[in-house]
Amino acid sequence: GNHDFDNGVSGLLSAMEEAKFPILNCNLDCAGAPALGQRLKPWLVREFPGVKVGLTGVCVDFHNLVAPKNHEGVTWLQPDRALLPVVKHLREVEKVDMVVVLSHLGYDMKGAGIDDLGLPALVPGIDVIIGGHSHTFMEEPKLVKQGKQETIIFQVGFGGINLGRMDFT
């Protein structure tokens with residue numbers, strides 16, 4: 001998310017050295033920060049008993065949130081435009097059963113930008129959005145219907161106050 005850049009690209013790269021897990025994002029263009037670009041994966045596929053899951057991530061717009069010097073070499077891309085080819089690849093090439101988007105767009109930004117609630121209408125094929133940024137405490141996931149498709153959206157607040165869990169069968 002935006003706070004990942006609080007200490008600049010070099011600070012983020014330093015913190016990433018400690019990560020023992022893949023870091024997913026498909027809407028940051030790191031052409032000017034190739035070391036960061038090498039660390040980010042646009043998607044990941046995991047297989048569980050009976051289900052193949054595609055995961056990807058999107059970040060909120062840097063404008064008014066991240067100082068330009070702190071994201072030097074990294075350009076934010078519209079999340080819907082970045083997600084469309086990724087979701088298509090996951091569905092058609094990787095043949096996943098489920099697409100999960102890890103979002104740092106915010107739950108309901110009241111028209112101030114693309115958010116978790118609006119994303120399913122812009123990007124068909126998303127099954128689950130696990131969100132952040134707006135620090136929204138949700139008791140239950142929200143189901144957003146788009147035609148025959150449903151997208152589950154969920155956030156658990158901020159700061160590790162709550163732990164979220166979703167089980168799929």
# chains A, B, ... in the order shown; residues from 1 in each chain; ligands from 1
>>> select_by_dssp(residues="chain A", states="strand (DSSP E)", output="VMD selection string")
chain A and resid 23 to 24 28 to 29 40 to 41 44 to 48 51 to 59 75 to 76 98 to 104 128 to 131 142 to 146 149 to 154
>>> select_by_dssp(residues="chain A", states="helix (DSSP H, G or I)", output="PyMOL selection string")
chain A and resi 2-5+8-16+34-39+68-71+79-92+119-122
>>> write_last_selection(atoms="N, CA and C atoms", output="short mmCIF file (atom, residue, chain, number, x, y, z; two decimals), in the first residue's frame")
data_model
loop_
_atom_site.label_atom_id
_atom_site.label_comp_id
_atom_site.auth_asym_id
_atom_site.auth_seq_id
_atom_site.Cartn_x
_atom_site.Cartn_y
_atom_site.Cartn_z
N ASN A 2 0.23 2.37 0.20
CA ASN A 2 0.93 3.65 0.15
C ASN A 2 2.01 3.76 1.22
N HIS A 3 1.78 3.22 2.41
CA HIS A 3 2.78 3.35 3.48
C HIS A 3 4.02 2.49 3.25
N ASP A 4 3.95 1.56 2.31
CA ASP A 4 5.14 0.79 1.97
C ASP A 4 6.24 1.70 1.42
N PHE A 5 5.84 2.89 0.93
CA PHE A 5 6.80 3.82 0.34
C PHE A 5 7.19 4.95 1.28
N GLY A 8 10.77 5.54 1.08
CA GLY A 8 11.28 5.52 -0.28
C GLY A 8 11.40 4.12 -0.84
N VAL A 9 11.77 4.05 -2.11
CA VAL A 9 11.92 2.76 -2.77
C VAL A 9 13.05 1.96 -2.12
N SER A 10 14.14 2.62 -1.76
CA SER A 10 15.25 1.89 -1.13
C SER A 10 14.83 1.33 0.23
N GLY A 11 14.04 2.09 0.98
CA GLY A 11 13.54 1.59 2.26
C GLY A 11 12.63 0.39 2.09
N LEU A 12 11.79 0.44 1.05
CA LEU A 12 10.91 -0.69 0.77
C LEU A 12 11.72 -1.92 0.38
N LEU A 13 12.71 -1.72 -0.47
CA LEU A 13 13.56 -2.85 -0.88
C LEU A 13 14.27 -3.46 0.33
N SER A 14 14.72 -2.62 1.22
CA SER A 14 15.39 -3.10 2.43
C SER A 14 14.43 -3.94 3.28
N ALA A 15 13.22 -3.46 3.45
CA ALA A 15 12.22 -4.20 4.23
C ALA A 15 11.86 -5.52 3.55
N MET A 16 11.84 -5.50 2.24
CA MET A 16 11.49 -6.71 1.49
C MET A 16 12.53 -7.81 1.65
N PRO A 34 14.04 -0.90 -11.34
CA PRO A 34 14.05 -2.31 -11.73
C PRO A 34 14.28 -3.29 -10.57
N ALA A 35 15.02 -2.89 -9.57
CA ALA A 35 15.24 -3.79 -8.43
C ALA A 35 13.91 -4.08 -7.73
N LEU A 36 13.06 -3.08 -7.62
CA LEU A 36 11.73 -3.30 -7.03
C LEU A 36 10.88 -4.14 -7.97
N GLY A 37 10.93 -3.83 -9.25
CA GLY A 37 10.16 -4.59 -10.22
C GLY A 37 10.48 -6.08 -10.20
N GLN A 38 11.73 -6.41 -9.92
CA GLN A 38 12.13 -7.82 -9.85
C GLN A 38 11.54 -8.52 -8.63
N ARG A 39 11.25 -7.76 -7.60
CA ARG A 39 10.70 -8.34 -6.36
C ARG A 39 9.19 -8.51 -6.40
N PRO A 68 6.41 12.34 -4.17
CA PRO A 68 7.03 11.88 -5.42
C PRO A 68 8.44 11.31 -5.24
N LYS A 69 9.24 11.91 -4.35
CA LYS A 69 10.60 11.40 -4.14
C LYS A 69 10.59 10.01 -3.51
N ASN A 70 9.49 9.66 -2.82
CA ASN A 70 9.42 8.36 -2.15
C ASN A 70 9.01 7.22 -3.09
N HIS A 71 8.46 7.57 -4.25
CA HIS A 71 8.14 6.50 -5.21
C HIS A 71 8.85 6.74 -6.54
N PRO A 79 -5.94 0.60 -11.54
CA PRO A 79 -6.05 -0.80 -11.14
C PRO A 79 -6.94 -1.64 -12.05
N ASP A 80 -8.02 -1.06 -12.55
CA ASP A 80 -8.90 -1.84 -13.43
C ASP A 80 -8.18 -2.21 -14.72
N ARG A 81 -7.46 -1.26 -15.30
CA ARG A 81 -6.74 -1.53 -16.55
C ARG A 81 -5.62 -2.55 -16.34
N ALA A 82 -4.98 -2.49 -15.18
CA ALA A 82 -3.90 -3.45 -14.89
C ALA A 82 -4.47 -4.84 -14.58
N LEU A 83 -5.62 -4.88 -13.94
CA LEU A 83 -6.21 -6.16 -13.54
C LEU A 83 -6.83 -6.93 -14.70
N LEU A 84 -7.40 -6.24 -15.67
CA LEU A 84 -8.10 -6.93 -16.77
C LEU A 84 -7.23 -8.00 -17.42
N PRO A 85 -6.01 -7.69 -17.88
CA PRO A 85 -5.21 -8.76 -18.49
C PRO A 85 -4.73 -9.81 -17.50
N VAL A 86 -4.53 -9.43 -16.25
CA VAL A 86 -4.08 -10.40 -15.25
C VAL A 86 -5.19 -11.41 -14.96
N VAL A 87 -6.41 -10.91 -14.75
CA VAL A 87 -7.54 -11.81 -14.48
C VAL A 87 -7.78 -12.71 -15.70
N LYS A 88 -7.69 -12.14 -16.88
CA LYS A 88 -7.87 -12.94 -18.10
C LYS A 88 -6.80 -14.04 -18.17
N HIS A 89 -5.55 -13.69 -17.89
CA HIS A 89 -4.47 -14.68 -17.90
C HIS A 89 -4.73 -15.78 -16.86
N LEU A 90 -5.11 -15.38 -15.66
CA LEU A 90 -5.35 -16.36 -14.61
C LEU A 90 -6.47 -17.32 -15.01
N ARG A 91 -7.54 -16.79 -15.59
CA ARG A 91 -8.68 -17.62 -15.98
C ARG A 91 -8.38 -18.49 -17.21
N GLU A 92 -7.82 -17.88 -18.25
CA GLU A 92 -7.69 -18.57 -19.53
C GLU A 92 -6.40 -19.36 -19.70
N LEU A 119 -14.79 -2.18 -8.06
CA LEU A 119 -13.89 -2.99 -8.87
C LEU A 119 -14.58 -4.13 -9.61
N PRO A 120 -15.51 -4.87 -9.00
CA PRO A 120 -16.14 -5.99 -9.71
C PRO A 120 -16.88 -5.56 -10.99
N ALA A 121 -17.44 -4.38 -11.02
CA ALA A 121 -18.13 -3.91 -12.22
C ALA A 121 -17.14 -3.58 -13.33
N LEU A 122 -15.92 -3.22 -12.97
CA LEU A 122 -14.91 -2.84 -13.94
C LEU A 122 -14.06 -4.02 -14.42
#
>>> closest_residue(among="A:Trp76, A:Phe154, A:Phe137, A:Phe48", to="Thr169 of chain A", atoms="only C-alpha atoms")
A:Phe48
>>> residues_around(residues="Phe168 of chain A", least_positions_apart="6", cutoff="12 Å", atoms="only C-alpha atoms", output="PyMOL selection string")
chain A and resi 48-51+53+97-98+127-128+152
>>> residues_around(residues="segment 60-64 of chain A", least_positions_apart="6", cutoff="8 Å", atoms="only C-alpha atoms", output="ChimeraX atom specification")
/A:1-2,76-78,104-106,133
>>> closest_residue(among="A:Asn162, A:Gln155, A:Thr75, A:Thr56", to="Ile126 of chain A", atoms="only C-alpha atoms")
A:Thr56
>>> closest_residue(among="A:Glu18, A:Asp6, A:Asp29, A:Glu94", to="Trp43 of chain A", atoms="only C-alpha atoms")
A:Glu94
>>> atom_distance(atom1="atom CA of His135 of chain A", atom2="atom CA of Gly159 of chain A")
8.6 Å
>>> atom_distance(atom1="atom CA of Lys148 of chain A", atom2="atom CA of Lys52 of chain A")
20.9 Å
>>> atom_distance(atom1="atom CA of Gly73 of chain A", atom2="atom CA of Leu40 of chain A")
14.1 Å
>>> closest_residue(among="A:Val66, A:Val74, A:Val45, A:Ala19", to="Gly32 of chain A", atoms="only C-alpha atoms")
A:Val74
